[in-house]
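As stored in work14.cif (mmCIF, C-alpha atoms):
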```
data_protein
#
loop_
_atom_site.label_atom_id
_atom_site.label_comp_id
_atom_site.auth_asym_id
_atom_site.auth_seq_id
_atom_site.Cartn_x
_atom_site.Cartn_y
_atom_site.Cartn_z
CA MET K 1 209.38 101.06 175.74
CA ILE K 2 208.23 97.47 176.23
CA THR K 3 204.97 96.53 174.49
CA LEU K 4 202.38 93.91 175.35
CA ARG K 5 203.59 91.90 172.37
CA ASP K 6 207.11 92.01 173.84
CA LEU K 7 205.75 90.78 177.16
CA LEU K 8 203.83 88.00 175.43
CA ARG K 9 206.89 86.76 173.56
CA SER K 10 209.11 86.92 176.62
CA ALA K 11 206.58 84.98 178.70
CA SER K 12 206.08 82.22 176.12
CA ARG K 13 207.38 82.16 172.58
CA THR K 14 205.39 79.02 171.78
CA PHE K 15 202.02 80.42 172.91
CA ALA K 16 202.85 83.71 171.21
CA ILE K 17 203.17 81.87 167.90
CA GLY K 18 199.55 80.76 168.15
CA ILE K 19 198.07 83.93 169.62
CA GLU K 20 199.66 86.07 166.91
CA GLN K 21 197.81 84.04 164.28
CA LEU K 22 194.43 85.27 165.52
CA PRO K 23 192.42 87.97 163.73
CA ALA K 24 193.30 91.46 165.03
CA ILE K 25 190.67 91.96 167.74
CA LEU K 26 191.01 88.37 168.94
CA CYS K 27 194.80 88.67 168.93
CA ASP K 28 194.56 91.74 171.17
CA ALA K 29 192.02 90.07 173.47
CA ALA K 30 193.96 86.80 173.74
CA THR K 31 197.22 88.68 174.37
CA VAL K 32 195.64 90.63 177.22
CA ALA K 33 193.97 87.52 178.64
CA TYR K 34 197.19 85.50 178.48
CA LEU K 35 199.22 88.21 180.19
CA LEU K 36 196.64 88.68 182.94
CA LEU K 37 196.77 84.95 183.58
CA ARG K 38 200.57 85.12 183.69
CA VAL K 39 200.21 87.63 186.52
CA SER K 40 198.10 85.05 188.33
CA ASP K 41 200.63 82.32 187.51
CA TYR K 42 203.48 84.42 188.87
CA LEU K 43 201.68 85.05 192.14
CA GLU K 44 200.85 81.35 192.43
CA ASP K 45 204.12 79.61 191.64
CA ASN K 46 207.05 81.98 192.11
CA GLU K 47 209.78 80.95 194.54
CA ASP K 48 210.17 84.35 196.21
CA MET K 49 207.05 84.37 198.38
CA THR K 50 205.57 82.37 201.22
CA ALA K 51 202.27 80.58 200.69
CA GLU K 52 200.58 83.14 202.94
CA ASP K 53 201.87 86.04 200.86
CA LYS K 54 200.81 84.33 197.64
CA ILE K 55 197.25 83.88 198.90
CA LYS K 56 197.06 87.52 200.00
CA LEU K 57 198.36 88.79 196.67
CA LEU K 58 196.12 86.51 194.61
CA ASN K 59 193.11 87.81 196.52
CA LEU K 60 194.37 91.36 196.07
CA TRP K 61 194.71 90.64 192.34
CA VAL K 62 191.08 89.52 192.26
CA ASP K 63 190.05 92.80 193.90
CA ILE K 64 192.02 94.70 191.25
CA LEU K 65 190.26 92.77 188.49
CA LYS K 66 186.94 93.61 190.15
CA ASP K 67 188.02 97.27 190.07
CA LYS K 68 187.88 97.56 193.85
CA VAL K 69 191.49 98.73 194.23
CA THR K 70 194.13 100.06 191.87
CA SER K 71 196.88 97.98 190.28
CA GLU K 72 199.49 100.00 192.19
CA GLU K 73 198.41 98.10 195.31
CA LEU K 74 199.97 95.03 193.70
CA THR K 75 202.89 96.46 191.73
CA SER K 76 204.17 98.39 194.74
CA LYS K 77 204.64 95.05 196.49
CA ILE K 78 206.64 93.38 193.70
CA GLN K 79 209.10 96.09 192.66
CA ASN K 80 212.13 94.29 194.05
CA VAL K 81 211.45 90.75 192.86
CA ASP K 82 213.75 88.72 190.62
CA THR K 83 213.18 90.07 187.12
CA SER K 84 215.07 87.18 185.51
CA ASN K 85 211.65 85.52 185.75
CA PRO K 86 209.65 86.78 182.71
CA ASP K 87 206.40 86.41 184.65
CA ALA K 88 207.69 88.85 187.26
CA VAL K 89 208.24 91.42 184.53
CA VAL K 90 204.72 90.79 183.24
CA ALA K 91 203.33 91.31 186.75
CA GLN K 92 205.22 94.59 187.09
CA HIS K 93 203.42 95.81 183.93
CA THR K 94 199.97 95.05 185.31
CA ALA K 95 198.81 98.64 184.85
CA ASP K 96 199.71 98.59 181.14
CA ILE K 97 197.92 95.30 180.58
CA LEU K 98 194.79 96.50 182.36
CA ALA K 99 194.86 99.75 180.38
CA ARG K 100 194.76 97.71 177.17
CA LEU K 101 191.98 95.52 178.58
CA TYR K 102 189.79 98.58 179.12
CA THR K 103 190.05 99.54 175.43
CA LEU K 104 188.46 96.25 174.35
CA PRO K 105 184.71 95.87 173.76
CA LYS K 106 182.77 95.62 177.00
CA GLU K 107 181.62 92.06 176.42
CA VAL K 108 185.20 90.98 175.73
CA GLN K 109 186.37 92.67 178.94
CA GLU K 110 183.71 90.79 180.89
CA ILE K 111 184.66 87.43 179.39
CA ILE K 112 188.34 87.93 180.22
CA THR K 113 187.93 89.29 183.73
CA HIS K 114 185.36 86.64 184.67
CA HIS K 115 187.66 83.75 183.82
CA VAL K 116 190.86 85.34 185.14
CA ILE K 117 189.14 86.07 188.45
CA HIS K 118 187.91 82.49 188.84
CA SER K 119 191.25 81.03 187.80
CA SER K 120 193.05 83.24 190.33
CA LEU K 121 190.66 82.21 193.11
CA GLY K 122 191.25 78.57 192.19
CA MET K 123 194.99 79.09 192.34
CA ALA K 124 194.68 80.70 195.78
CA ARG K 125 192.67 77.73 196.98
CA TRP K 126 195.40 75.36 195.81
CA VAL K 127 198.20 77.40 197.35
CA GLU K 128 196.33 77.24 200.65
CA ARG K 129 195.78 73.52 200.26
CA GLY K 130 199.42 72.83 199.42
CA PRO K 131 200.99 70.13 197.21
CA GLN K 132 198.55 67.37 198.13
CA VAL K 133 197.48 65.58 194.95
CA ASN K 134 195.86 62.39 196.19
CA ASP K 135 194.26 61.06 193.04
CA GLU K 136 193.40 61.91 189.45
CA THR K 137 190.36 63.92 190.53
CA ASP K 138 192.60 66.19 192.58
CA LEU K 139 194.98 66.61 189.66
CA ASP K 140 192.11 67.44 187.30
CA ASP K 141 190.77 69.99 189.77
CA TYR K 142 194.12 71.76 189.94
CA MET K 143 194.63 71.61 186.19
CA PHE K 144 191.14 72.96 185.54
CA GLU K 145 191.88 76.05 187.62
CA VAL K 146 195.16 76.81 185.85
CA ALA K 147 194.34 75.59 182.33
CA GLY K 148 190.81 74.25 181.84
CA ARG K 149 189.33 77.66 182.55
CA VAL K 150 191.58 79.05 179.83
CA GLY K 151 189.81 76.73 177.40
CA TYR K 152 186.51 78.22 178.49
CA LEU K 153 187.86 81.75 178.18
CA LEU K 154 189.10 81.27 174.62
CA THR K 155 185.95 79.46 173.53
CA HIS K 156 183.81 82.35 174.76
CA LEU K 157 186.06 84.83 172.95
CA PHE K 158 185.88 82.81 169.74
CA ALA K 159 182.09 82.53 170.09
CA TRP K 160 181.83 86.30 170.57
CA TYR K 161 183.78 86.78 167.33
CA SER K 162 182.19 84.07 165.14
CA SER K 163 178.51 83.16 164.88
CA ALA K 164 179.48 79.74 163.48
CA ILE K 165 181.51 79.02 166.60
CA ARG K 166 178.79 80.53 168.78
CA ASN K 167 176.34 77.99 167.35
CA LYS K 168 178.68 75.17 168.43
CA LYS K 169 179.57 76.61 171.83
CA ASP K 170 177.74 73.97 173.88
CA LEU K 171 179.64 71.23 172.04
CA LEU K 172 182.96 73.07 172.23
CA LEU K 173 183.01 74.01 175.91
CA PRO K 174 183.52 70.52 177.40
CA LEU K 175 186.11 69.78 174.71
CA ALA K 176 187.84 73.08 175.48
CA ARG K 177 188.09 72.05 179.12
CA GLU K 178 189.73 68.82 178.01
CA PHE K 179 192.05 70.84 175.76
CA GLY K 180 193.25 72.77 178.80
CA LEU K 181 193.73 69.56 180.79
CA ALA K 182 195.66 68.06 177.87
CA LEU K 183 198.16 70.91 177.71
CA GLN K 184 198.53 71.01 181.48
CA THR K 185 199.04 67.25 181.81
CA VAL K 186 201.86 67.50 179.27
CA ASN K 187 203.22 70.46 181.27
CA VAL K 188 203.18 68.30 184.40
CA ILE K 189 205.21 65.64 182.60
CA ARG K 190 207.55 68.17 181.02
CA GLY K 191 208.17 69.92 184.34
CA LEU K 192 208.36 66.95 186.69
CA ARG K 193 211.88 67.72 187.85
CA LYS K 194 211.49 71.48 188.08
CA ASP K 195 208.27 71.19 190.10
CA TYR K 196 209.89 68.64 192.41
CA GLU K 197 212.76 71.02 193.08
CA ARG K 198 210.33 73.74 194.15
CA GLY K 199 208.47 71.36 196.45
CA TRP K 200 205.55 70.31 194.28
CA VAL K 201 204.89 66.85 192.86
CA PHE K 202 201.73 66.77 190.76
CA VAL K 203 201.83 63.00 190.35
CA PRO K 204 198.74 61.63 192.14
CA LYS K 205 199.63 59.64 195.26
CA LYS K 206 197.37 56.91 193.95
CA PHE K 207 199.66 56.49 190.91
CA LEU K 208 202.71 56.30 193.19
CA ALA K 209 201.04 53.79 195.48
CA GLN K 210 200.52 51.41 192.56
CA VAL K 211 204.30 51.00 192.27
CA ASN K 212 205.04 51.41 196.00
CA LEU K 213 206.95 54.67 195.68
CA THR K 214 206.83 57.96 197.55
CA ALA K 215 207.15 61.29 195.75
CA GLN K 216 210.76 61.52 196.92
CA GLU K 217 211.58 58.01 195.70
CA LEU K 218 210.15 58.74 192.26
CA PHE K 219 213.23 60.80 191.43
CA GLN K 220 215.87 58.43 192.81
CA PRO K 221 217.92 56.71 190.06
CA GLU K 222 217.56 53.24 191.59
CA ASN K 223 213.75 53.44 191.08
CA ARG K 224 213.73 54.17 187.36
CA ALA K 225 211.76 51.05 186.38
CA GLU K 226 208.91 51.96 188.74
CA ALA K 227 209.17 55.64 187.79
CA ILE K 228 208.66 54.73 184.14
CA GLN K 229 205.43 52.94 185.09
CA VAL K 230 204.21 56.14 186.75
CA LEU K 231 205.25 58.11 183.69
CA ASP K 232 203.20 55.70 181.56
CA MET K 233 200.13 56.46 183.68
CA LEU K 234 200.60 60.19 183.21
CA ALA K 235 201.27 59.79 179.49
CA ASP K 236 198.14 57.68 179.00
CA LYS K 237 196.14 60.32 180.84
CA ALA K 238 197.59 63.06 178.64
CA GLU K 239 196.77 61.03 175.53
CA ARG K 240 193.11 60.76 176.55
CA HIS K 241 192.86 64.51 176.98
CA LEU K 242 194.74 65.16 173.72
CA HIS K 243 192.23 63.10 171.74
CA ALA K 244 189.47 65.35 173.08
CA ALA K 245 191.58 68.42 172.27
CA LEU K 246 191.91 67.19 168.69
CA ALA K 247 188.13 66.80 168.51
CA CYS K 248 187.82 70.38 169.77
CA VAL K 249 190.00 71.74 166.97
CA LYS K 250 188.17 69.67 164.35
CA THR K 251 184.87 71.16 165.53
CA LEU K 252 186.05 74.69 164.67
CA PRO K 253 184.96 75.82 161.19
CA PRO K 254 187.64 75.16 158.55
CA TRP K 255 187.20 78.67 157.12
CA GLN K 256 188.24 80.14 160.49
CA HIS K 257 191.76 79.04 159.65
CA ARG K 258 193.56 81.54 161.85
CA ILE K 259 191.50 80.59 164.90
CA ARG K 260 192.16 76.94 164.17
CA LEU K 261 195.90 77.59 163.84
CA ALA K 262 195.96 79.31 167.24
CA CYS K 263 194.67 76.02 168.67
CA ILE K 264 196.53 73.62 166.38
CA PHE K 265 199.99 74.93 167.23
CA PRO K 266 199.85 74.30 171.01
CA LEU K 267 198.05 71.01 170.41
CA MET K 268 200.73 69.68 168.05
CA PHE K 269 203.54 71.01 170.26
CA ALA K 270 201.97 69.09 173.17
CA ILE K 271 201.59 65.90 171.14
CA ARG K 272 205.22 66.03 170.12
CA THR K 273 206.39 66.87 173.66
CA LEU K 274 204.41 63.94 175.04
CA ALA K 275 205.85 61.67 172.37
CA ILE K 276 209.47 62.48 173.24
CA SER K 277 208.66 62.12 176.95
CA ARG K 278 207.11 58.65 176.80
CA ARG K 279 209.26 56.07 178.59
CA ASN K 280 212.08 58.62 178.72
CA VAL K 281 213.97 58.51 182.03
CA GLN K 282 215.45 61.93 181.27
CA VAL K 283 212.19 63.63 182.28
CA PHE K 284 213.12 62.82 185.89
CA GLU K 285 216.39 64.74 185.46
CA ASN K 286 215.51 67.77 183.37
CA GLU K 287 212.76 69.45 181.37
CA ALA K 288 211.60 67.75 178.16
CA LYS K 289 211.49 70.13 175.20
CA ILE K 290 211.01 69.86 171.47
CA SER K 291 213.60 71.52 169.27
CA ARG K 292 213.16 74.87 167.52
CA ALA K 293 213.42 73.05 164.20
CA GLU K 294 210.50 70.82 165.19
CA VAL K 295 208.48 73.85 166.28
CA GLN K 296 209.09 75.52 162.93
CA GLN K 297 208.19 72.37 161.00
CA ILE K 298 204.93 72.01 162.92
CA VAL K 299 204.08 75.66 162.25
CA THR K 300 204.81 75.34 158.54
CA ASN K 301 202.89 72.11 158.05
CA SER K 302 199.91 73.26 160.12
CA THR K 303 199.69 76.59 158.31
CA LEU K 304 199.50 74.77 154.98
CA TRP K 305 197.13 71.97 155.95
CA GLY K 306 195.43 72.84 159.24
CA TRP K 307 192.11 73.55 157.55
CA SER K 308 191.75 69.80 156.85
CA ASN K 309 190.40 67.48 159.56
CA VAL K 310 191.70 64.47 157.65
CA TRP K 311 195.18 65.95 157.71
CA LEU K 312 194.89 66.75 161.43
CA ASP K 313 194.15 63.10 162.21
CA SER K 314 197.07 61.96 160.07
CA TYR K 315 199.53 64.50 161.48
CA TYR K 316 198.56 63.64 165.04
CA GLN K 317 199.49 60.03 164.36
CA LYS K 318 202.66 60.99 162.52
CA LEU K 319 203.99 63.02 165.43
CA ASN K 320 203.35 60.12 167.79
CA VAL K 321 204.94 57.54 165.51
CA MET K 322 207.98 59.73 164.92
CA ALA K 323 208.68 59.77 168.63
CA GLU K 324 208.09 56.11 169.29
CA LYS K 325 210.92 54.98 167.01
#
```

Could you take the file, read its structure, and then write that structure out as structure tokens?
Amino acid sequence: MITLRDLLRSASRTFAIGIEQLPAILCDAATVAYLLLRVSDYLEDNEDMTAEDKIKLLNLWVDILKDKVTSEELTSKIQNVDTSNPDAVVAQHTADILARLYTLPKEVQEIITHHVIHSSLGMARWVERGPQVNDETDLDDYMFEVAGRVGYLLTHLFAWYSSAIRNKKDLLLPLAREFGLALQTVNVIRGLRKDYERGWVFVPKKFLAQVNLTAQELFQPENRAEAIQVLDMLADKAERHLHAALACVKTLPPWQHRIRLACIFPLMFAIRTLAISRRNVQVFENEAKISRAEVQQIVTNSTLWGWSNVWLDSYYQKLNVMAEK
């Protein structure tokens, strides 16, 4: 029988590495929250449904989270979808995920459902709007709905668990939003080609206009010089968000090492991914990924030294310098 941990690892091995570092109750809560958000993600960006169907199902999903209808209302509609997509499998196990949610402390349930509901509504709004990203404000709005709210969700969970974090919540929340935008901006860069092939280009039209390209022309080989300029704009944006994400991690108490690690891993993975993507024409052809060996090295180094803010600053720079050679 498949477990929630199995679903987590199948949906994202890299995020699972961080989530599984968390103390027991937080690990359970973050696993449930992540999987619920993967249901939302599946309904928002799968290639099997029309935009109209996605909007209907996202709104149905919100009603399920509000306990207005049962999860079978959703799962009965996605029994025959392509299960080679791990998110589809997660969505088919909605009832199991919700059952685990309802065993968590009431306040934890409320934190999770609140943020998943609002993220799902934001996704529905963007599906209805369509792939129209006019400027950086539009991009940030989209990224906040799919990632910035996750920063809020985790910060509230951490604050529920730790009084030291609770005392810093007002400082952490805006940084956590930036953390989400950082990871999502790197995701946009990493997935440029894949998103283009499914009809979405998250590059702001304002960026494209600066080099006199259309979204279609961005991916044509003869326009690589201009495309690299656009990539530079996205990379610089990601870097700004990543600096705030680093400040977020450094604000967490050093003695909450496992909570810090859960944040350090995705942060360092993103820094390294951005570094190998900078000025790299290959991102317009296929997905940019760091190697498993690099992932393991980051995990090992961070586990040993992630309690130190001085080391975090140094390692951030090291990952960037390694890639720029």

Selection under test: the PyMOL selection byres ((chain K and resi 137) around 12); residues as a ChimeraX atom specification: /K:132-136,138-144,181,202-207,237

Contacts of K:Val146 within 12 Å, all atoms listed in the file, excl. fewer than 3 positions in-chain, as a PDB file with C-alpha atoms, in the frame of the given file:
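For reference, part.pdb as written:
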```
ATOM      1  CA  TYR K  34     197.190  85.500 178.480  1.00  0.00           C
ATOM      2  CA  LEU K  37     196.770  84.950 183.580  1.00  0.00           C
ATOM      3  CA  ARG K  38     200.570  85.120 183.690  1.00  0.00           C
ATOM      4  CA  VAL K  39     200.210  87.630 186.520  1.00  0.00           C
ATOM      5  CA  SER K  40     198.100  85.050 188.330  1.00  0.00           C
ATOM      6  CA  ASP K  41     200.630  82.320 187.510  1.00  0.00           C
ATOM      7  CA  TYR K  42     203.480  84.420 188.870  1.00  0.00           C
ATOM      8  CA  GLU K  44     200.850  81.350 192.430  1.00  0.00           C
ATOM      9  CA  ASP K  45     204.120  79.610 191.640  1.00  0.00           C
ATOM     10  CA  HIS K 115     187.660  83.750 183.820  1.00  0.00           C
ATOM     11  CA  VAL K 116     190.860  85.340 185.140  1.00  0.00           C
ATOM     12  CA  ILE K 117     189.140  86.070 188.450  1.00  0.00           C
ATOM     13  CA  HIS K 118     187.910  82.490 188.840  1.00  0.00           C
ATOM     14  CA  SER K 119     191.250  81.030 187.800  1.00  0.00           C
ATOM     15  CA  SER K 120     193.050  83.240 190.330  1.00  0.00           C
ATOM     16  CA  LEU K 121     190.660  82.210 193.110  1.00  0.00           C
ATOM     17  CA  GLY K 122     191.250  78.570 192.190  1.00  0.00           C
ATOM     18  CA  MET K 123     194.990  79.090 192.340  1.00  0.00           C
ATOM     19  CA  ALA K 124     194.680  80.700 195.780  1.00  0.00           C
ATOM     20  CA  ARG K 125     192.670  77.730 196.980  1.00  0.00           C
ATOM     21  CA  TRP K 126     195.400  75.360 195.810  1.00  0.00           C
ATOM     22  CA  VAL K 127     198.200  77.400 197.350  1.00  0.00           C
ATOM     23  CA  LEU K 139     194.980  66.610 189.660  1.00  0.00           C
ATOM     24  CA  ASP K 140     192.110  67.440 187.300  1.00  0.00           C
ATOM     25  CA  ASP K 141     190.770  69.990 189.770  1.00  0.00           C
ATOM     26  CA  TYR K 142     194.120  71.760 189.940  1.00  0.00           C
ATOM     27  CA  MET K 143     194.630  71.610 186.190  1.00  0.00           C
ATOM     28  CA  ARG K 149     189.330  77.660 182.550  1.00  0.00           C
ATOM     29  CA  VAL K 150     191.580  79.050 179.830  1.00  0.00           C
ATOM     30  CA  GLY K 151     189.810  76.730 177.400  1.00  0.00           C
ATOM     31  CA  TYR K 152     186.510  78.220 178.490  1.00  0.00           C
ATOM     32  CA  LEU K 153     187.860  81.750 178.180  1.00  0.00           C
ATOM     33  CA  ARG K 177     188.090  72.050 179.120  1.00  0.00           C
ATOM     34  CA  GLY K 180     193.250  72.770 178.800  1.00  0.00           C
ATOM     35  CA  LEU K 181     193.730  69.560 180.790  1.00  0.00           C
ATOM     36  CA  ALA K 182     195.660  68.060 177.870  1.00  0.00           C
ATOM     37  CA  LEU K 183     198.160  70.910 177.710  1.00  0.00           C
ATOM     38  CA  GLN K 184     198.530  71.010 181.480  1.00  0.00           C
ATOM     39  CA  THR K 185     199.040  67.250 181.810  1.00  0.00           C
ATOM     40  CA  ASN K 187     203.220  70.460 181.270  1.00  0.00           C
ATOM     41  CA  VAL K 188     203.180  68.300 184.400  1.00  0.00           C
TER      42      VAL K 188
END
```

Taking the file above as input, evaluate the PyMOL selection byres ((chain K and resi 94-107) around 9) and report the hits as a list in words.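 Written out, the selection comes to Thr3, Leu4, Ile25, Asp28, Ala29, Val32, Ala33, Leu35, Leu36, Val39, Leu65, Thr70, Ser71, Glu72, Leu74, Thr75, Val90, Ala91, Gln92, His93, Val108, Gln109, Glu110, Ile111, Ile112 and Trp160 of chain K.
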
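Separating atom CA of K:Ala159 from atom CA of K:Ile259 is a distance of 10.9 Å.
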
Take the PyMOL selection byres ((chain K and resi 313) around 12), run it mentally on this structure, and tell me the resulting residues as number ranges by chain. K: 242-243, 245-247, 249-250, 264, 268, 271, 302, 305-312, 314-320

Computed interatomic separation between atom CA of K:Thr303 and atom CA of K:Leu175 (Å):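 These atoms are spaced 22.4 Å apart.
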
Can you tell me how far atom CA of K:Arg166 sits from atom CA of K:Gly18, in Å to one decimal? 20.8 Å

Find the residue from K:Val69, K:Ile189, K:Leu7, K:Leu173 that sits nearest to K:Leu154; use all atoms listed in the file when measuring.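 Distance minimum relative to K:Leu154 lands on K:Leu173.
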
Could you produce a table of the residues of stretch 215-256 of chain K lying within 9 Å of stretch 276-296 of chain K, with the nearest pair of atoms per residue and their separation in Å rounded to one decimal, using all atoms listed in the file, ordered by chain and increasing residue number, as a Markdown table?
```
| residue | atom | partner | partner_atom | distance |
| --- | --- | --- | --- | --- |
| K:Leu218 | CA | K:Phe284 | CA | 8.1 |
| K:Phe219 | CA | K:Phe284 | CA | 5.9 |
| K:Gln220 | CA | K:Phe284 | CA | 8.6 |
| K:Pro221 | CA | K:Phe284 | CA | 8.8 |
| K:Arg224 | CA | K:Val281 | CA | 6.9 |
| K:Ala225 | CA | K:Val281 | CA | 8.9 |
| K:Ala227 | CA | K:Val281 | CA | 8.0 |
| K:Ile228 | CA | K:Arg279 | CA | 5.7 |
| K:Gln229 | CA | K:Arg279 | CA | 8.2 |
| K:Leu231 | CA | K:Arg279 | CA | 6.8 |
| K:Asp232 | CA | K:Arg279 | CA | 6.8 |
| K:Ala235 | CA | K:Arg278 | CA | 6.5 |
```

Residue with smallest distance to K:Gln256 - pool K:Pro23, K:Pro86, K:Gly148, K:Pro174, counting only C-alpha atoms: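 Checking each candidate against K:Gln256, we get K:Pro23 as the closest.
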
Quick one: everything within 8 Å of K:Arg258, counting all atoms listed in the file, minus sequence neighbours fewer than 3 positions away in the same chain. Send it as a PyMOL selection string. chain K and resi 21-23+261-262

Of the listed residues K:Thr155, K:Thr300, K:Ser84, K:Gln216, that which approaches K:Ala11 most closely, counting all atoms listed in the file: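 Selected residue with least distance to K:Ala11: K:Ser84.
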
Between K:Leu208, K:Glu128, K:Val299, K:Ser162, which residue has the minimum interatomic distance to K:Phe265, considering only C-alpha atoms? K:Val299
